file query.pdb (PDB, C-alpha atoms)
ATOM      1  CA  MET A 231       3.873 -21.008  -7.251
ATOM      2  CA  SER A 232       2.703 -18.849 -10.131
ATOM      3  CA  ASP A 233       3.470 -15.124 -10.328
ATOM      4  CA  LYS A 234      -0.223 -14.403  -9.774
ATOM      5  CA  ALA A 235      -0.430 -16.498  -6.608
ATOM      6  CA  ALA A 236       2.846 -15.011  -5.350
ATOM      7  CA  VAL A 237       1.449 -11.491  -5.737
ATOM      8  CA  GLU A 238      -1.720 -12.526  -3.890
ATOM      9  CA  LEU A 239       0.372 -13.967  -1.058
ATOM     10  CA  ILE A 240       2.649 -10.912  -0.813
ATOM     11  CA  GLY A 241      -0.180  -8.380  -1.095
ATOM     12  CA  THR A 242      -2.313 -10.129   1.519
ATOM     13  CA  ALA A 243       0.720 -10.359   3.826
ATOM     14  CA  ILE A 244       1.311  -6.601   3.462
ATOM     15  CA  LEU A 245      -2.354  -5.895   4.180
ATOM     16  CA  LEU A 246      -2.401  -8.097   7.304
ATOM     17  CA  PHE A 247       0.915  -6.721   8.535
ATOM     18  CA  THR A 248      -0.536  -3.202   8.342
ATOM     19  CA  ILE A 249      -3.780  -4.243  10.059
ATOM     20  CA  GLN A 250      -1.950  -6.102  12.822
ATOM     21  CA  VAL A 251       0.474  -3.249  13.560
ATOM     22  CA  SER A 252      -2.010  -0.371  13.355
ATOM     23  CA  VAL A 253      -4.883  -2.086  15.174
ATOM     24  CA  GLY A 254      -2.543  -3.857  17.605
ATOM     25  CA  GLN A 255      -1.230  -0.471  18.723
ATOM     26  CA  ASN A 256      -4.742   1.052  18.823
ATOM     27  CA  ALA A 257      -3.660   3.660  16.286
ATOM     28  CA  ALA A 258      -6.336   6.322  15.912
ATOM     29  CA  LEU A 259      -5.696   6.515  12.190
ATOM     30  CA  ALA A 260      -5.684   2.736  11.610
ATOM     31  CA  PRO A 261      -8.470   2.954   8.969
ATOM     32  CA  LEU A 262      -6.368   5.416   6.949
ATOM     33  CA  ALA A 263      -3.234   3.284   7.262
ATOM     34  CA  ILE A 264      -5.109   0.165   6.153
ATOM     35  CA  GLY A 265      -6.963   1.893   3.303
ATOM     36  CA  GLY A 266      -3.780   3.646   2.191
ATOM     37  CA  VAL A 267      -1.697   0.502   1.999
ATOM     38  CA  LEU A 268      -4.566  -1.254   0.215
ATOM     39  CA  VAL A 269      -4.565   1.445  -2.478
ATOM     40  CA  ALA A 270      -0.812   0.996  -2.905
ATOM     41  CA  ILE A 271      -0.849  -2.789  -3.130
ATOM     42  CA  ILE A 272      -3.825  -2.749  -5.492
ATOM     43  CA  PHE A 273      -1.990  -0.479  -7.918
ATOM     44  CA  SER A 274       1.182  -2.549  -7.624
ATOM     45  CA  GLY A 275      -0.411  -5.987  -7.904
ATOM     46  CA  ALA A 276      -3.307  -5.413 -10.295
ATOM     47  CA  PRO A 277      -1.245  -5.760 -13.503
ATOM     48  CA  ILE A 278      -0.079  -9.216 -12.371
ATOM     49  CA  SER A 279      -2.861 -10.934 -10.417
ATOM     50  CA  GLY A 280      -5.762  -8.516 -10.412
ATOM     51  CA  ALA A 281      -4.899  -7.621  -6.798
ATOM     52  CA  HIS A 282      -7.721  -9.464  -5.046
ATOM     53  CA  TYR A 283      -6.132 -10.010  -1.594
ATOM     54  CA  ASN A 284      -9.570 -11.163  -0.430
ATOM     55  CA  PRO A 285     -11.135 -14.627  -0.857
ATOM     56  CA  ALA A 286     -14.625 -13.081  -1.009
ATOM     57  CA  PHE A 287     -13.588 -10.948  -3.986
ATOM     58  CA  SER A 288     -11.860 -13.892  -5.676
ATOM     59  CA  LEU A 289     -15.130 -15.795  -5.333
ATOM     60  CA  ALA A 290     -17.060 -12.850  -6.802
ATOM     61  CA  MET A 291     -14.611 -12.787  -9.720
ATOM     62  CA  ALA A 292     -14.993 -16.544 -10.275
ATOM     63  CA  LEU A 293     -18.791 -16.268 -10.245
ATOM     64  CA  ARG A 294     -18.550 -13.468 -12.785
ATOM     65  CA  GLY A 295     -16.266 -15.595 -14.988
ATOM     66  CA  GLY A 296     -13.209 -13.416 -14.454
ATOM     67  CA  ILE A 297     -11.081 -16.264 -13.097
ATOM     68  CA  SER A 298     -11.399 -20.041 -13.209
ATOM     69  CA  LEU A 299     -12.298 -22.168 -10.196
ATOM     70  CA  PRO A 300      -8.782 -23.712 -10.001
ATOM     71  CA  GLU A 301      -7.233 -20.241 -10.111
ATOM     72  CA  MET A 302      -9.612 -19.069  -7.370
ATOM     73  CA  ILE A 303      -8.512 -21.972  -5.178
ATOM     74  CA  ARG A 304      -4.830 -21.143  -5.799
ATOM     75  CA  PHE A 305      -5.571 -17.513  -4.897
ATOM     76  CA  TRP A 306      -7.372 -18.581  -1.705
ATOM     77  CA  ILE A 307      -4.430 -20.706  -0.595
ATOM     78  CA  ALA A 308      -1.999 -17.861  -1.297
ATOM     79  CA  GLN A 309      -4.248 -15.317   0.441
ATOM     80  CA  PHE A 310      -4.600 -17.411   3.602
ATOM     81  CA  ILE A 311      -0.862 -18.143   3.765
ATOM     82  CA  GLY A 312      -0.136 -14.442   3.204
ATOM     83  CA  ALA A 313      -2.623 -13.501   5.918
ATOM     84  CA  ILE A 314      -0.928 -15.731   8.458
ATOM     85  CA  VAL A 315       2.592 -14.575   7.538
ATOM     86  CA  GLY A 316       1.656 -10.880   7.551
ATOM     87  CA  SER A 317      -0.299 -11.150  10.783
ATOM     88  CA  LEU A 318       2.522 -13.022  12.518
ATOM     89  CA  CYS A 319       5.101 -10.434  11.434
ATOM     90  CA  GLY A 320       2.815  -7.574  12.430
ATOM     91  CA  GLY A 321       2.195  -9.126  15.833
ATOM     92  CA  ILE A 322       5.931  -9.378  16.446
ATOM     93  CA  VAL A 323       6.501  -5.758  15.429
ATOM     94  CA  ALA A 324       3.557  -4.444  17.473
ATOM     95  CA  SER A 325       4.256  -6.760  20.446
ATOM     96  CA  SER A 326       0.560  -7.649  20.448
ATOM     97  CA  HIS A 327      -1.888  -9.603  18.347
ATOM     98  CA  ALA A 328      -5.151  -7.936  17.370
ATOM     99  CA  THR A 329      -8.267 -10.058  17.037
ATOM    100  CA  LEU A 330     -11.636  -9.463  15.500
ATOM    101  CA  SER A 331     -14.467  -8.946  17.971
ATOM    102  CA  ILE A 332     -18.023  -7.729  18.220
ATOM    103  CA  GLY A 333     -18.396  -4.174  19.482
ATOM    104  CA  ASP A 334     -19.378  -3.710  23.118
ATOM    105  CA  ASP A 335     -22.864  -2.447  22.309
ATOM    106  CA  ALA A 336     -23.472  -4.624  19.231
ATOM    107  CA  THR A 337     -25.253  -7.920  18.784
ATOM    108  CA  LEU A 338     -23.994 -10.848  16.750
ATOM    109  CA  THR A 339     -26.725 -10.198  14.185
ATOM    110  CA  GLN A 340     -25.684  -6.565  13.797
ATOM    111  CA  ALA A 341     -22.024  -7.526  13.460
ATOM    112  CA  LEU A 342     -22.592 -10.228  10.844
ATOM    113  CA  LEU A 343     -24.993  -8.058   8.856
ATOM    114  CA  ALA A 344     -22.429  -5.231   8.899
ATOM    115  CA  GLU A 345     -19.748  -7.631   7.602
ATOM    116  CA  ALA A 346     -21.999  -9.022   4.852
ATOM    117  CA  VAL A 347     -23.141  -5.571   3.695
ATOM    118  CA  LEU A 348     -19.679  -3.990   3.712
ATOM    119  CA  THR A 349     -18.154  -6.986   1.939
ATOM    120  CA  PHE A 350     -20.907  -6.706  -0.658
ATOM    121  CA  ILE A 351     -20.117  -3.006  -1.110
ATOM    122  CA  LEU A 352     -16.387  -3.737  -1.358
ATOM    123  CA  CYS A 353     -16.882  -6.488  -3.949
ATOM    124  CA  PHE A 354     -19.514  -4.502  -5.856
ATOM    125  CA  VAL A 355     -17.282  -1.439  -6.114
ATOM    126  CA  SER A 356     -14.280  -3.593  -7.032
ATOM    127  CA  LEU A 357     -16.204  -5.353  -9.791
ATOM    128  CA  CYS A 358     -17.547  -2.049 -11.133
ATOM    129  CA  VAL A 359     -14.308  -0.071 -11.172
ATOM    130  CA  ALA A 360     -11.763  -2.791 -11.899
ATOM    131  CA  THR A 361     -13.484  -5.294 -14.189
ATOM    132  CA  ASN A 362     -16.092  -3.379 -16.169
ATOM    133  CA  PRO A 363     -14.939  -2.980 -19.801
ATOM    134  CA  LYS A 364     -16.584   0.474 -19.936
ATOM    135  CA  VAL A 365     -13.990   1.775 -17.497
ATOM    136  CA  ASP A 366     -10.913  -0.031 -18.834
ATOM    137  CA  ASN A 367      -7.626   1.667 -18.058
ATOM    138  CA  ASN A 368      -9.122   4.019 -15.473
ATOM    139  CA  HIS A 369      -6.733   5.488 -12.940
ATOM    140  CA  TYR A 370      -9.039   5.558  -9.940
ATOM    141  CA  TYR A 371      -9.896   1.907  -9.286
ATOM    142  CA  GLY A 372      -7.388   1.433  -6.452
ATOM    143  CA  LEU A 373      -8.473   4.623  -4.720
ATOM    144  CA  SER A 374     -12.159   3.658  -4.983
ATOM    145  CA  ILE A 375     -11.512   0.271  -3.387
ATOM    146  CA  GLY A 376      -9.291   1.702  -0.651
ATOM    147  CA  LEU A 377     -11.895   4.324   0.224
ATOM    148  CA  VAL A 378     -14.534   1.626   0.723
ATOM    149  CA  VAL A 379     -12.275  -0.036   3.292
ATOM    150  CA  VAL A 380     -11.568   3.270   5.061
ATOM    151  CA  SER A 381     -15.255   4.199   5.221
ATOM    152  CA  GLY A 382     -16.233   0.680   6.276
ATOM    153  CA  ALA A 383     -13.654   0.573   9.058
ATOM    154  CA  ILE A 384     -14.801   3.959  10.346
ATOM    155  CA  SER A 385     -18.534   3.260  10.052
ATOM    156  CA  VAL A 386     -18.865  -0.350  11.251
ATOM    157  CA  GLY A 387     -15.456  -1.281  12.641
ATOM    158  CA  GLY A 388     -16.767  -0.647  16.148
ATOM    159  CA  ILE A 389     -19.710  -2.964  15.481
ATOM    160  CA  SER A 390     -18.113  -5.949  13.738
ATOM    161  CA  GLY A 391     -14.359  -5.460  13.938
ATOM    162  CA  GLY A 392     -14.250  -4.400  10.282
ATOM    163  CA  ALA A 393     -12.735  -7.385   8.462
ATOM    164  CA  PHE A 394     -14.708  -7.451   5.167
ATOM    165  CA  ASN A 395     -12.321 -10.241   4.188
ATOM    166  CA  PRO A 396     -12.113 -13.893   5.346
ATOM    167  CA  ALA A 397      -8.311 -13.811   5.152
ATOM    168  CA  VAL A 398      -8.292 -10.913   7.617
ATOM    169  CA  ALA A 399     -10.746 -12.558  10.013
ATOM    170  CA  LEU A 400      -9.027 -15.944  10.016
ATOM    171  CA  GLY A 401      -5.464 -14.621   9.784
ATOM    172  CA  LEU A 402      -5.907 -12.507  12.917
ATOM    173  CA  SER A 403      -7.580 -15.362  14.790
ATOM    174  CA  ILE A 404      -5.022 -18.015  13.842
ATOM    175  CA  THR A 405      -2.024 -15.871  14.776
ATOM    176  CA  SER A 406      -3.528 -14.960  18.140
ATOM    177  CA  GLY A 407      -3.699 -18.620  19.187
ATOM    178  CA  MET A 408      -7.095 -19.339  17.600
ATOM    179  CA  SER A 409      -8.623 -16.570  19.691
ATOM    180  CA  LYS A 410     -12.262 -15.902  18.834
ATOM    181  CA  LEU A 411     -12.070 -18.507  16.052
ATOM    182  CA  PHE A 412     -15.822 -19.184  16.044
ATOM    183  CA  TYR A 413     -16.558 -15.495  15.521
ATOM    184  CA  ALA A 414     -13.895 -15.325  12.789
ATOM    185  CA  LEU A 415     -15.549 -18.269  11.022
ATOM    186  CA  LEU A 416     -18.971 -16.583  11.234
ATOM    187  CA  VAL A 417     -17.502 -13.342   9.896
ATOM    188  CA  SER A 418     -15.844 -15.279   7.067
ATOM    189  CA  ALA A 419     -19.192 -16.833   6.153
ATOM    190  CA  ALA A 420     -20.797 -13.367   6.143
ATOM    191  CA  ASN A 421     -17.949 -12.084   3.945
ATOM    192  CA  VAL A 422     -18.415 -14.949   1.479
ATOM    193  CA  LEU A 423     -22.149 -14.216   1.366
ATOM    194  CA  GLY A 424     -21.406 -10.570   0.558
ATOM    195  CA  GLY A 425     -19.081 -11.655  -2.249
ATOM    196  CA  ILE A 426     -21.680 -14.038  -3.694
ATOM    197  CA  VAL A 427     -24.390 -11.369  -3.703
ATOM    198  CA  ALA A 428     -22.082  -8.841  -5.392
TER
END
call {"tool": "encode", "arguments": {"input": "query.pdb", "output": "structure tokens"}}
result
Amino acid sequence: MSDKAAVELIGTAILLFTIQVSVGQNAALAPLAIGGVLVAIIFSGAPISGAHYNPAFSLAMALRGGISLPEMIRFWIAQFIGAIVGSLCGGIVASSHATLSIGDDATLTQALLAEAVLTFILCFVSLCVATNPKVDNNHYYGLSIGLVVVSGAISVGGISGGAFNPAVALGLSITSGMSKLFYALLVSAANVLGGIVA
């Protein structure tokens, strides 16, 4: 495994561990914990792999020409393995396994639209602050990306579950015994659409 793929695996595992523990315990400040750890792992992994940790963003980068198709596939494999490992470890620590679900008062259409729009925003912001040559060497890219996740989790988490990332949706489902797998697949498709549009 290349250094880049290893960083993608480790970073995605850290992200899913944090999601699984904070959401699995119904922590009131889960969005801050998740956004905070994302900022940290972006700053730590960006010099090596670009710190994608999200198949939708890796796809957006490949479409933009930032990474090759074979590298994107290697990243995807690493991200999904990392998601499963991190989610399993988090479930053990939290003594429960969180799953993605539609909010009580939301429709499937609302949930999938929320996922597509927030994934678009996440990928758009990431592309603008982390890959635009006009802002090379900025010191705010990780914070910008983390804040999108915090605001997304707060604003639409109760509608869609707040994945914005196929590795999150599928990692949580797989480690909870394939619970709500069909919804996780639909969310993943919405996330990929958001990444393509970005």
call {"tool": "resolve_selection", "arguments": {"input": "query.pdb", "expression": "the PyMOL selection byres ((chain A and resi 287-297) around 10)", "output": "PyMOL selection string"}}
result
chain A and resi 280-286+298-303+305-306+309+349-350+352-354+356-357+361+394-396+421-428
call {"tool": "resolve_selection", "arguments": {"input": "query.pdb", "expression": "the PyMOL selection byres ((chain A and resi 254) around 6)", "output": "PDB file with C-alpha atoms, in the frame of the given file"}}
result
ATOM      1  CA  GLN A 250      -1.950  -6.102  12.822  1.00  0.00           C
ATOM      2  CA  VAL A 251       0.474  -3.249  13.560  1.00  0.00           C
ATOM      3  CA  SER A 252      -2.010  -0.371  13.355  1.00  0.00           C
ATOM      4  CA  VAL A 253      -4.883  -2.086  15.174  1.00  0.00           C
ATOM      5  CA  GLN A 255      -1.230  -0.471  18.723  1.00  0.00           C
ATOM      6  CA  ASN A 256      -4.742   1.052  18.823  1.00  0.00           C
ATOM      7  CA  SER A 326       0.560  -7.649  20.448  1.00  0.00           C
ATOM      8  CA  HIS A 327      -1.888  -9.603  18.347  1.00  0.00           C
ATOM      9  CA  ALA A 328      -5.151  -7.936  17.370  1.00  0.00           C
TER      10      ALA A 328
END
call {"tool": "axis_aligned_box", "arguments": {"input": "query.pdb", "around": "stretch 347-357 of chain A", "padding_each_side": "6 Å", "output": "lines of an AutoDock Vina configuration file"}}
result
center_x = -18.7
center_y = -4.2
center_z = -3.0
size_x = 20.9
size_y = 17.5
size_z = 25.5
call {"tool": "closest_residue", "arguments": {"input": "query.pdb", "among": "A:Leu246, A:Leu343, A:Val237, A:Ala276", "to": "A:His369", "atoms": "all atoms listed in the file"}}
result
A:Ala276
call {"tool": "closest_residue", "arguments": {"input": "query.pdb", "among": "A:Ile314, A:Ala243, A:Leu259, A:Val417", "to": "A:Ala344", "atoms": "all atoms listed in the file"}}
result
A:Val417
call {"tool": "closest_residue", "arguments": {"input": "query.pdb", "among": "A:Pro363, A:Cys319, A:Ala383, A:Thr242", "to": "A:Leu262", "atoms": "all atoms listed in the file"}}
result
A:Ala383
call {"tool": "atom_distance", "arguments": {"input": "query.pdb", "atom1": "atom CA of A:Lys234", "atom2": "atom CA of A:Ile278"}}
result
5.8 Å
call {"tool": "atom_distance", "arguments": {"input": "query.pdb", "atom1": "atom CA of A:Val378", "atom2": "atom CA of A:Met408"}}
result
27.9 Å
call {"tool": "resolve_selection", "arguments": {"input": "query.pdb", "expression": "the PyMOL selection byres ((chain A and resi 400) around 12)", "output": "VMD selection string"}}
result
chain A and resid 246 284 to 285 309 to 315 317 328 to 331 393 to 399 401 to 419 421
call {"tool": "atom_distance", "arguments": {"input": "query.pdb", "atom1": "atom CA of A:Glu345", "atom2": "atom CA of A:Gly391"}}
result
8.6 Å
call {"tool": "residues_around", "arguments": {"input": "query.pdb", "residues": "A:Gly333", "least_positions_apart": "3", "cutoff": "10 Å", "atoms": "only C-alpha atoms", "output": "number ranges by chain"}}
result
A: 330, 336-338, 340-341, 386-391
call {"tool": "closest_residue", "arguments": {"input": "query.pdb", "among": "A:Pro277, A:Val365, A:Leu348, A:Arg304", "to": "A:Ala420", "atoms": "only C-alpha atoms"}}
result
A:Leu348
call {"tool": "closest_residue", "arguments": {"input": "query.pdb", "among": "A:Met231, A:Ala236, A:Ile244, A:Val267", "to": "A:Val380", "atoms": "all atoms listed in the file"}}
result
A:Val267
call {"tool": "closest_residue", "arguments": {"input": "query.pdb", "among": "A:Val323, A:Val347, A:Leu245, A:Val355", "to": "A:Leu268", "atoms": "all atoms listed in the file"}}
result
A:Leu245
